[in-house]
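**Q** Enclosed is the structure file data_23.cif (mmCIF, C-alpha atoms).
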data_run
#
loop_
_atom_site.label_atom_id
_atom_site.label_comp_id
_atom_site.auth_asym_id
_atom_site.auth_seq_id
_atom_site.Cartn_x
_atom_site.Cartn_y
_atom_site.Cartn_z
CA MET K 1 -22.93 43.75 -34.81
CA ALA K 2 -20.55 46.54 -35.81
CA PHE K 3 -23.48 48.27 -37.46
CA GLN K 4 -25.54 48.17 -34.26
CA ILE K 5 -22.68 49.59 -32.20
CA MET K 6 -22.26 52.39 -34.73
CA ILE K 7 -25.96 53.26 -34.56
CA ASN K 8 -25.70 53.30 -30.80
CA LEU K 9 -22.70 55.64 -30.87
CA VAL K 10 -24.42 57.96 -33.34
CA MET K 11 -27.45 58.12 -31.05
CA ALA K 12 -25.25 59.00 -28.11
CA LEU K 13 -23.67 61.77 -30.17
CA LEU K 14 -27.11 62.98 -31.21
CA TRP K 15 -28.19 63.10 -27.57
CA MET K 16 -25.17 65.20 -26.70
CA VAL K 17 -25.85 67.62 -29.57
CA ILE K 18 -29.53 67.95 -28.67
CA ASN K 19 -28.75 68.67 -25.03
CA ASN K 20 -25.71 70.76 -25.91
CA ALA K 21 -23.94 68.96 -23.08
CA TRP K 22 -20.44 67.77 -23.97
CA SER K 23 -19.57 65.68 -20.97
CA PHE K 24 -18.83 62.03 -20.41
CA ALA K 25 -21.94 61.70 -18.26
CA SER K 26 -24.22 62.87 -21.04
CA PHE K 27 -22.45 60.51 -23.44
CA ILE K 28 -23.22 57.63 -21.08
CA SER K 29 -26.87 58.58 -20.70
CA GLY K 30 -27.19 58.99 -24.47
CA PHE K 31 -25.57 55.59 -24.94
CA PHE K 32 -28.06 53.91 -22.63
CA LEU K 33 -31.01 55.66 -24.28
CA GLY K 34 -29.61 54.38 -27.58
CA LEU K 35 -29.59 50.87 -26.14
CA LEU K 36 -33.25 51.29 -25.23
CA VAL K 37 -34.12 52.47 -28.76
CA LEU K 38 -32.17 49.56 -30.27
CA TYR K 39 -34.14 47.21 -28.06
CA PHE K 40 -37.45 48.56 -29.35
CA VAL K 41 -36.45 48.29 -33.01
CA ARG K 42 -34.77 44.89 -32.58
CA GLY K 43 -37.23 43.28 -35.02
CA PHE K 44 -35.62 45.14 -37.93
CA PHE K 45 -32.16 43.62 -37.43
CA ARG K 46 -31.28 40.32 -38.96
CA GLU K 47 -28.76 39.62 -36.19
CA ARG K 48 -29.20 39.34 -32.46
CA LEU K 49 -28.78 42.56 -30.53
CA TYR K 50 -25.14 43.01 -29.67
CA PHE K 51 -25.62 43.41 -25.94
CA HIS K 52 -26.94 39.85 -25.76
CA ARG K 53 -23.46 38.85 -26.76
CA ILE K 54 -21.90 41.09 -24.12
CA TYR K 55 -24.19 39.55 -21.51
CA ALA K 56 -23.17 36.05 -22.66
CA SER K 57 -19.48 37.01 -22.37
CA LEU K 58 -20.08 38.23 -18.82
CA VAL K 59 -21.74 34.90 -17.98
CA LEU K 60 -18.72 33.11 -19.44
CA VAL K 61 -16.34 35.15 -17.27
CA LEU K 62 -18.41 34.40 -14.15
CA ILE K 63 -18.48 30.67 -14.93
CA PHE K 64 -14.72 30.78 -15.41
CA PHE K 65 -14.09 32.41 -12.04
CA LYS K 66 -16.38 29.91 -10.33
CA GLU K 67 -14.50 26.99 -11.90
CA LEU K 68 -11.16 28.65 -11.10
CA VAL K 69 -11.92 28.93 -7.39
CA LEU K 70 -13.53 25.48 -7.07
CA SER K 71 -10.80 23.58 -8.86
CA SER K 72 -7.99 25.59 -7.23
CA PHE K 73 -9.22 24.32 -3.92
CA SER K 74 -9.48 20.75 -5.13
CA VAL K 75 -5.93 20.87 -6.54
CA ALA K 76 -4.66 22.39 -3.29
CA ARG K 77 -6.35 19.64 -1.31
CA GLN K 78 -4.73 16.96 -3.47
CA ILE K 79 -1.29 18.54 -3.17
CA LEU K 80 -1.53 18.86 0.59
CA SER K 81 -2.98 15.41 1.30
CA PRO K 82 -0.45 13.27 3.21
CA ARG K 83 -0.49 10.48 0.64
CA LEU K 84 -0.61 11.44 -3.00
CA ASN K 85 -3.70 9.70 -4.23
CA ILE K 86 -4.12 10.95 -7.78
CA ARG K 87 -4.60 9.20 -11.09
CA PRO K 88 -3.35 11.52 -13.83
CA GLY K 89 -4.04 10.74 -17.46
CA ILE K 90 -4.60 12.13 -20.93
CA PHE K 91 -8.06 11.80 -22.40
CA GLU K 92 -9.62 12.86 -25.65
CA MET K 93 -12.56 15.22 -25.67
CA GLU K 94 -14.54 15.79 -28.80
CA THR K 95 -15.76 19.31 -29.20
CA THR K 96 -18.64 20.60 -31.26
CA LEU K 97 -17.20 24.09 -31.53
CA GLU K 98 -16.11 24.88 -35.04
CA SER K 99 -14.36 28.17 -35.66
CA GLU K 100 -10.72 28.66 -34.77
CA TRP K 101 -11.25 31.29 -32.11
CA GLU K 102 -13.89 29.25 -30.32
CA VAL K 103 -11.56 26.27 -30.02
CA THR K 104 -8.72 28.57 -28.95
CA LEU K 105 -10.89 30.15 -26.27
CA LEU K 106 -12.05 26.75 -25.03
CA SER K 107 -8.50 25.42 -24.74
CA LEU K 108 -7.33 28.63 -23.02
CA LEU K 109 -10.11 28.30 -20.46
CA ILE K 110 -9.48 24.59 -19.91
CA THR K 111 -5.76 25.23 -19.45
CA LEU K 112 -6.38 28.10 -17.04
CA THR K 113 -8.63 25.98 -14.85
CA PRO K 114 -6.49 24.07 -12.39
CA GLY K 115 -6.50 20.31 -12.78
CA THR K 116 -6.89 20.21 -16.55
CA LEU K 117 -4.36 21.06 -19.25
CA VAL K 118 -4.67 20.91 -23.01
CA VAL K 119 -1.70 18.97 -24.38
CA GLU K 120 -2.68 19.01 -28.01
CA VAL K 121 -5.43 20.09 -30.35
CA ALA K 122 -6.19 17.59 -33.10
CA PRO K 123 -5.25 18.94 -36.56
CA ASP K 124 -8.87 19.01 -37.66
CA ASN K 125 -9.96 21.04 -34.58
CA ARG K 126 -12.48 18.33 -33.71
CA SER K 127 -11.01 17.08 -30.48
CA LEU K 128 -8.76 18.22 -27.67
CA PHE K 129 -6.29 16.03 -25.82
CA ILE K 130 -6.52 17.02 -22.19
CA HIS K 131 -4.21 16.03 -19.37
CA ALA K 132 -6.14 15.82 -16.13
CA MET K 133 -4.43 15.77 -12.79
CA ASP K 134 -6.95 13.49 -11.17
CA LEU K 135 -8.91 11.49 -13.69
CA GLN K 136 -11.49 9.51 -11.73
CA SER K 137 -13.88 9.15 -14.62
CA VAL K 138 -13.43 10.48 -18.14
CA GLU K 139 -17.17 10.90 -18.65
CA ALA K 140 -17.65 13.06 -15.58
CA THR K 141 -14.76 15.38 -16.46
CA GLU K 142 -15.91 15.67 -20.06
CA GLU K 143 -19.47 16.36 -19.00
CA GLU K 144 -18.28 19.09 -16.67
CA ILE K 145 -16.33 20.92 -19.40
CA ARG K 146 -19.15 20.48 -21.88
CA ASP K 147 -21.80 21.80 -19.53
CA SER K 148 -19.84 24.81 -18.35
CA PHE K 149 -17.39 26.20 -20.89
CA GLU K 150 -18.56 24.78 -24.18
CA LYS K 151 -22.17 25.77 -23.61
CA ALA K 152 -21.22 29.30 -22.54
CA ILE K 153 -18.88 29.79 -25.51
CA ARG K 154 -21.59 28.64 -27.91
CA GLU K 155 -23.93 31.15 -26.31
CA VAL K 156 -21.42 33.94 -27.03
CA SER K 157 -20.86 33.02 -30.66
CA ARG K 158 -24.49 32.28 -31.55
CA GLN K 159 -25.70 34.54 -34.35
CA MET E 1 -14.68 51.75 6.22
CA ILE E 2 -10.94 51.92 5.62
CA ALA E 3 -10.36 49.48 8.48
CA ILE E 4 -12.71 46.92 6.91
CA VAL E 5 -11.00 47.26 3.55
CA ASP E 6 -7.64 46.82 5.25
CA TRP E 7 -8.80 43.51 6.69
CA VAL E 8 -10.09 42.37 3.32
CA VAL E 9 -6.80 43.39 1.69
CA ALA E 10 -4.80 41.48 4.32
CA LEU E 11 -6.98 38.42 3.81
CA LEU E 12 -6.63 38.54 0.02
CA VAL E 13 -2.86 38.91 0.15
CA LEU E 14 -2.58 36.08 2.68
CA VAL E 15 -4.75 33.76 0.60
CA GLY E 16 -2.71 34.64 -2.49
CA ALA E 17 0.53 33.91 -0.68
CA ALA E 18 -0.89 30.63 0.64
CA PHE E 19 -1.79 29.52 -2.88
CA SER E 20 1.70 30.37 -4.10
CA VAL E 21 3.21 28.28 -1.30
CA ILE E 22 0.86 25.39 -2.13
CA SER E 23 1.86 25.54 -5.78
CA ALA E 24 5.55 25.45 -4.76
CA ILE E 25 4.87 22.39 -2.57
CA GLY E 26 3.05 20.79 -5.46
CA LEU E 27 6.00 21.46 -7.74
CA ALA E 28 8.19 19.47 -5.40
CA ARG E 29 5.78 16.65 -4.60
CA LEU E 30 4.02 15.71 -7.81
CA PRO E 31 5.41 12.82 -9.88
CA ASP E 32 5.89 14.02 -13.48
CA ILE E 33 6.20 17.17 -15.56
CA PHE E 34 2.53 17.26 -16.56
CA THR E 35 1.14 17.16 -13.06
CA ARG E 36 3.84 19.60 -11.94
CA SER E 37 2.82 22.09 -14.56
CA HIS E 38 -0.70 21.88 -13.12
CA ALA E 39 0.66 23.07 -9.82
CA ALA E 40 3.04 25.66 -11.25
CA THR E 41 0.83 27.44 -13.73
CA LYS E 42 -2.56 27.06 -12.10
CA ALA E 43 -2.44 27.37 -8.36
CA ALA E 44 -0.28 30.39 -9.11
CA THR E 45 -3.07 31.94 -11.22
CA LEU E 46 -5.39 32.25 -8.26
CA GLY E 47 -2.47 33.36 -6.08
CA VAL E 48 -1.57 36.20 -8.43
CA LEU E 49 -5.23 37.09 -8.81
CA CYS E 50 -5.69 37.46 -5.04
CA VAL E 51 -2.48 39.45 -4.49
CA VAL E 52 -3.18 41.85 -7.37
CA LEU E 53 -6.77 42.31 -6.25
CA GLY E 54 -5.53 43.12 -2.75
CA ALA E 55 -3.04 45.67 -4.05
CA PHE E 56 -5.72 47.21 -6.25
CA MET E 57 -8.10 47.67 -3.31
CA PHE E 58 -5.35 48.99 -1.06
CA PHE E 59 -4.33 51.75 -3.45
CA MET E 60 -7.90 52.58 -4.32
CA VAL E 61 -8.76 53.28 -0.68
CA HIS E 62 -5.53 54.81 0.57
CA THR E 63 -4.43 57.00 -2.32
CA GLN E 64 -7.82 57.34 -4.07
CA GLU E 65 -6.11 56.10 -7.18
CA PHE E 66 -8.15 53.95 -9.51
CA SER E 67 -5.25 52.28 -11.23
CA LEU E 68 -6.09 50.27 -14.31
CA ARG E 69 -2.53 48.99 -14.43
CA PHE E 70 -3.52 46.18 -12.04
CA THR E 71 -6.23 45.06 -14.40
CA LEU E 72 -3.63 45.02 -17.16
CA THR E 73 -1.40 42.81 -14.98
CA LEU E 74 -4.26 40.35 -14.57
CA VAL E 75 -5.01 40.33 -18.29
CA PHE E 76 -1.40 39.58 -19.16
CA VAL E 77 -1.08 36.85 -16.53
CA PHE E 78 -4.34 35.23 -17.68
CA VAL E 79 -3.31 35.34 -21.32
CA THR E 80 0.27 34.13 -20.94
CA ALA E 81 -0.16 31.45 -18.24
CA PRO E 82 -2.26 29.02 -20.30
CA VAL E 83 -0.18 29.51 -23.44
CA GLY E 84 3.00 28.81 -21.49
CA GLY E 85 1.50 25.80 -19.71
CA HIS E 86 0.20 24.35 -22.95
CA LEU E 87 3.50 24.83 -24.78
CA ILE E 88 5.57 23.30 -21.98
CA ALA E 89 3.30 20.25 -21.79
CA ARG E 90 3.21 19.88 -25.56
CA ALA E 91 6.97 20.22 -25.93
CA ALA E 92 7.48 17.68 -23.15
CA TYR E 93 5.06 15.24 -24.74
CA ASN E 94 6.53 15.62 -28.22
CA SER E 95 10.08 15.10 -26.99
CA GLY E 96 9.00 11.85 -25.37
CA VAL E 97 8.85 12.59 -21.66
CA PRO E 98 7.01 9.62 -20.11
CA LEU E 99 3.88 10.11 -18.06
CA ALA E 100 3.96 9.18 -14.39
CA GLU E 101 3.60 5.47 -13.75
CA ARG E 102 0.37 5.89 -11.89
CA SER E 103 -1.29 7.49 -14.94
CA SER E 104 -4.51 5.79 -15.89
CA GLN E 105 -4.59 6.33 -19.64
CA ASP E 106 -2.93 8.08 -22.56
CA ALA E 107 -5.41 8.76 -25.34
CA LEU E 108 -2.95 10.86 -27.32
CA LYS E 109 -0.53 7.96 -27.76
CA LYS E 110 -3.26 5.80 -29.22
CA SER E 111 -4.37 8.53 -31.60
CA ARG E 112 -0.78 9.25 -32.64
CA SER E 113 -0.02 5.62 -33.45
CA GLU E 114 -3.29 5.35 -35.38
CA SER E 115 -2.61 8.43 -37.51
CA ARG E 116 0.97 7.28 -38.09
CA SER E 117 -0.06 3.89 -39.41
CA TYR E 118 -2.70 5.65 -41.48
CA SER E 119 -0.19 8.02 -43.09
CA GLU E 120 2.27 5.18 -43.64
CA LYS E 121 -0.41 3.25 -45.45
CA ASN E 122 -1.11 6.30 -47.59
CA THR E 123 2.50 6.90 -48.52
CA ASN E 124 2.86 3.23 -49.40
CA SER E 125 -0.11 3.36 -51.72
CA ASP E 126 1.37 6.49 -53.35
CA LYS E 127 4.41 4.55 -54.29
#
Once you've parsed the file, please lay out its structure as structure tokens.
**A**
Amino acid sequence: MAFQIMINLVMALLWMVINNAWSFASFISGFFLGLLVLYFVRGFFRERLYFHRIYASLVLVLIFFKELVLSSFSVARQILSPRLNIRPGIFEMETTLESEWEVTLLSLLITLTPGTLVVEVAPDNRSLFIHAMDLQSVEATEEEIRDSFEKAIREVSRQ
Amino acid sequence: MIAIVDWVVALLVLVGAAFSVISAIGLARLPDIFTRSHAATKAATLGVLCVVLGAFMFFMVHTQEFSLRFTLTLVFVFVTAPVGGHLIARAAYNSGVPLAERSSQDALKKSRSESRSYSEKNTNSDK
């Protein structure tokens, strides 16, 4: 990945030298031409192209904002309802993510989303203990996290 | 154009303030520390997000200043809020604060007692 970025930067530099134009705009256009060249020679790299990963990160950010808005409203509705009708509880969620930073990212995202809060990560990184503010069904909540965050994070870290 | 942006800015700031008020109400109403920390750290996230976004748009239109400092504010809030929330909940749980009575389940307690009996068994066999 670092290698691909370096090639891309070198191509941008080359573009600037060829055009003898030392401005930010020509750097940008050279950078995008470099992206295009990288795309055409993608068969020679053993890894995925690095901008796939950037795209996946953008998708992750969008999913996060969607969840943030949706669950903020549901928490607000619960707080403002005349009778508190919530069933809080701690449940265990097994995660298939392996590396340290993936689990860290997942628990950060879960904690940032209103309504769920990571209380503890199991010592072997295999499962998270999550406190949910309104736990109607463990399966549904787990499924939601698995389908949104875990899938998106795996997409980012895929080789 | 500027008038439209002004309306959007006003709306964003109002929504942000409303979320902050809701999180304060939640802090007072909810039964135990875990549910309260939901209200305190989370509803506030969206509140801060809206207010900062409003300020960012206001200054971009009125002083033509594209200030990245607002983005930095957001980054710091979004990095520190979950860490703080997690640590408060964890510290509360480890020092034995009980969950609210209406709580449906406590998976962590079960797992803790299992691992404790497991480690006790191991230390016994070591002796």
**Q** Written as a ChimeraX atom specification, which residues does the PyMOL selection byres ((chain K and resi 77) around 12) give for the file shown?
**A** /K:70-76,78-86,114-115,134 /E:19,22-23,25-26,39,43
**Q** Which chain E residues are at most 9 Å from chain K (counting only C-alpha atoms), as a PyMOL selection string?
**A** chain E and resi 19+22-23+25-26+29-30+34-35+37-39+41-43+45-46+78-79+81-83+85-91+93+99-100+102-109
**Q** Include C-alpha atoms and write out the residues we just selected as a short mmCIF file (atom, residue, chain, number, x, y, z; two decimals), in the frame of the given file.
**A**
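The resulting result_15.cif:
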data_model
loop_
_atom_site.label_atom_id
_atom_site.label_comp_id
_atom_site.auth_asym_id
_atom_site.auth_seq_id
_atom_site.Cartn_x
_atom_site.Cartn_y
_atom_site.Cartn_z
CA PHE E 19 -1.79 29.52 -2.88
CA ILE E 22 0.86 25.39 -2.13
CA SER E 23 1.86 25.54 -5.78
CA ILE E 25 4.87 22.39 -2.57
CA GLY E 26 3.05 20.79 -5.46
CA ARG E 29 5.78 16.65 -4.60
CA LEU E 30 4.02 15.71 -7.81
CA PHE E 34 2.53 17.26 -16.56
CA THR E 35 1.14 17.16 -13.06
CA SER E 37 2.82 22.09 -14.56
CA HIS E 38 -0.70 21.88 -13.12
CA ALA E 39 0.66 23.07 -9.82
CA THR E 41 0.83 27.44 -13.73
CA LYS E 42 -2.56 27.06 -12.10
CA ALA E 43 -2.44 27.37 -8.36
CA THR E 45 -3.07 31.94 -11.22
CA LEU E 46 -5.39 32.25 -8.26
CA PHE E 78 -4.34 35.23 -17.68
CA VAL E 79 -3.31 35.34 -21.32
CA ALA E 81 -0.16 31.45 -18.24
CA PRO E 82 -2.26 29.02 -20.30
CA VAL E 83 -0.18 29.51 -23.44
CA GLY E 85 1.50 25.80 -19.71
CA HIS E 86 0.20 24.35 -22.95
CA LEU E 87 3.50 24.83 -24.78
CA ILE E 88 5.57 23.30 -21.98
CA ALA E 89 3.30 20.25 -21.79
CA ARG E 90 3.21 19.88 -25.56
CA ALA E 91 6.97 20.22 -25.93
CA TYR E 93 5.06 15.24 -24.74
CA LEU E 99 3.88 10.11 -18.06
CA ALA E 100 3.96 9.18 -14.39
CA ARG E 102 0.37 5.89 -11.89
CA SER E 103 -1.29 7.49 -14.94
CA SER E 104 -4.51 5.79 -15.89
CA GLN E 105 -4.59 6.33 -19.64
CA ASP E 106 -2.93 8.08 -22.56
CA ALA E 107 -5.41 8.76 -25.34
CA LEU E 108 -2.95 10.86 -27.32
CA LYS E 109 -0.53 7.96 -27.76
#
**Q** Do you have the atom CA of Phe64 of chain K-atom CA of Asp124 of chain K distance handy?
**A** 25.8 Å
**Q** Please enclose the listed atoms of segment 114-124 of chain K in an axis-aligned box, pad each side by 5 Å, and write out the centre and the three edge lengths in Å, rounded to one decimal, as AutoDock Vina command-line options.
**A**
--center_x -5.3 --center_y 20.8 --center_z -25.0 --size_x 17.2 --size_y 16.5 --size_z 35.3
**Q** Once the PyMOL selection byres ((chain E and resi 9) around 12) has been applied to the shown file, what residues remain in the selection, as a short mmCIF file (atom, residue, chain, number, x, y, z; two decimals) with C-alpha atoms, in the frame of the given file?
**A**
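As a result, selection.cif now contains:
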data_model
loop_
_atom_site.label_atom_id
_atom_site.label_comp_id
_atom_site.auth_asym_id
_atom_site.auth_seq_id
_atom_site.Cartn_x
_atom_site.Cartn_y
_atom_site.Cartn_z
CA ILE E 2 -10.94 51.92 5.62
CA ALA E 3 -10.36 49.48 8.48
CA ILE E 4 -12.71 46.92 6.91
CA VAL E 5 -11.00 47.26 3.55
CA ASP E 6 -7.64 46.82 5.25
CA TRP E 7 -8.80 43.51 6.69
CA VAL E 8 -10.09 42.37 3.32
CA ALA E 10 -4.80 41.48 4.32
CA LEU E 11 -6.98 38.42 3.81
CA LEU E 12 -6.63 38.54 0.02
CA VAL E 13 -2.86 38.91 0.15
CA LEU E 14 -2.58 36.08 2.68
CA VAL E 15 -4.75 33.76 0.60
CA GLY E 16 -2.71 34.64 -2.49
CA CYS E 50 -5.69 37.46 -5.04
CA VAL E 51 -2.48 39.45 -4.49
CA VAL E 52 -3.18 41.85 -7.37
CA LEU E 53 -6.77 42.31 -6.25
CA GLY E 54 -5.53 43.12 -2.75
CA ALA E 55 -3.04 45.67 -4.05
CA PHE E 56 -5.72 47.21 -6.25
CA MET E 57 -8.10 47.67 -3.31
CA PHE E 58 -5.35 48.99 -1.06
CA PHE E 59 -4.33 51.75 -3.45
CA MET E 60 -7.90 52.58 -4.32
CA VAL E 61 -8.76 53.28 -0.68
CA HIS E 62 -5.53 54.81 0.57
#
**Q** What is the distance between atom CA of Thr73 of chain E and atom CA of Ile54 of chain K, in Å to one decimal?
**A** 22.5 Å
**Q** So what does the PyMOL selection byres ((chain K and resi 9) around 12) actually pick up in this one, as a PyMOL selection string?
**A** chain K and resi 2-8+10-16+27-35+38
**Q** Report, in Å with one decimal, the straight-line distance from atom CA of Val21 of chain E to atom CA of Thr71 of chain E.
**A**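 A separation of 23.3 Å between them.
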**Q** Select, from K:Met1, K:Val17, K:Val37, K:Ile145, the residue with the minimum atom-to-atom distance to Ser157 of chain K, counting all atoms listed in the file.
**A**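 Of K:Met1, K:Val17, K:Val37, K:Ile145, the one nearest Ser157 of chain K is K:Met1, counting all atoms listed in the file.
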**Q** Using all atoms listed in the file, find the one residue out of K:Glu155, K:Glu139, K:Glu94, K:Asp147 that sits nearest to Ser127 of chain K.
**A**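 Residue with the minimum atom-to-atom distance to Ser127 of chain K: K:Glu94.
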**Q** As a PDB file, in the coordinates of the input, could you write out segment 27-39 of chain K once it has been completed with N, CA and C atoms?
**A**
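The file below, rebuild-v9.pdb, is the result:
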ATOM      1  N   PHE K  27     -22.727  61.570 -22.458  1.00  0.00           N
ATOM      2  CA  PHE K  27     -22.450  60.510 -23.440  1.00  0.00           C
ATOM      3  C   PHE K  27     -23.005  59.182 -22.941  1.00  0.00           C
ATOM      4  N   ILE K  28     -22.749  58.902 -21.654  1.00  0.00           N
ATOM      5  CA  ILE K  28     -23.220  57.630 -21.080  1.00  0.00           C
ATOM      6  C   ILE K  28     -24.737  57.550 -21.127  1.00  0.00           C
ATOM      7  N   SER K  29     -25.405  58.639 -20.721  1.00  0.00           N
ATOM      8  CA  SER K  29     -26.870  58.580 -20.700  1.00  0.00           C
ATOM      9  C   SER K  29     -27.408  58.443 -22.116  1.00  0.00           C
ATOM     10  N   GLY K  30     -26.770  59.133 -23.073  1.00  0.00           N
ATOM     11  CA  GLY K  30     -27.190  58.990 -24.470  1.00  0.00           C
ATOM     12  C   GLY K  30     -26.988  57.576 -24.957  1.00  0.00           C
ATOM     13  N   PHE K  31     -25.874  56.965 -24.518  1.00  0.00           N
ATOM     14  CA  PHE K  31     -25.570  55.590 -24.940  1.00  0.00           C
ATOM     15  C   PHE K  31     -26.651  54.638 -24.441  1.00  0.00           C
ATOM     16  N   PHE K  32     -27.062  54.827 -23.166  1.00  0.00           N
ATOM     17  CA  PHE K  32     -28.060  53.910 -22.630  1.00  0.00           C
ATOM     18  C   PHE K  32     -29.437  54.144 -23.253  1.00  0.00           C
ATOM     19  N   LEU K  33     -29.752  55.410 -23.567  1.00  0.00           N
ATOM     20  CA  LEU K  33     -31.010  55.660 -24.280  1.00  0.00           C
ATOM     21  C   LEU K  33     -30.964  54.998 -25.649  1.00  0.00           C
ATOM     22  N   GLY K  34     -29.784  55.049 -26.284  1.00  0.00           N
ATOM     23  CA  GLY K  34     -29.610  54.380 -27.580  1.00  0.00           C
ATOM     24  C   GLY K  34     -29.848  52.894 -27.471  1.00  0.00           C
ATOM     25  N   LEU K  35     -29.359  52.300 -26.379  1.00  0.00           N
ATOM     26  CA  LEU K  35     -29.590  50.870 -26.140  1.00  0.00           C
ATOM     27  C   LEU K  35     -31.086  50.582 -26.090  1.00  0.00           C
ATOM     28  N   LEU K  36     -31.807  51.461 -25.378  1.00  0.00           N
ATOM     29  CA  LEU K  36     -33.250  51.290 -25.230  1.00  0.00           C
ATOM     30  C   LEU K  36     -33.928  51.345 -26.606  1.00  0.00           C
ATOM     31  N   VAL K  37     -33.519  52.333 -27.421  1.00  0.00           N
ATOM     32  CA  VAL K  37     -34.120  52.470 -28.760  1.00  0.00           C
ATOM     33  C   VAL K  37     -33.815  51.225 -29.591  1.00  0.00           C
ATOM     34  N   LEU K  38     -32.551  50.769 -29.528  1.00  0.00           N
ATOM     35  CA  LEU K  38     -32.170  49.560 -30.270  1.00  0.00           C
ATOM     36  C   LEU K  38     -33.038  48.390 -29.854  1.00  0.00           C
ATOM     37  N   TYR K  39     -33.328  48.327 -28.549  1.00  0.00           N
ATOM     38  CA  TYR K  39     -34.140  47.210 -28.060  1.00  0.00           C
ATOM     39  C   TYR K  39     -35.537  47.260 -28.664  1.00  0.00           C
TER      40      TYR K  39
END
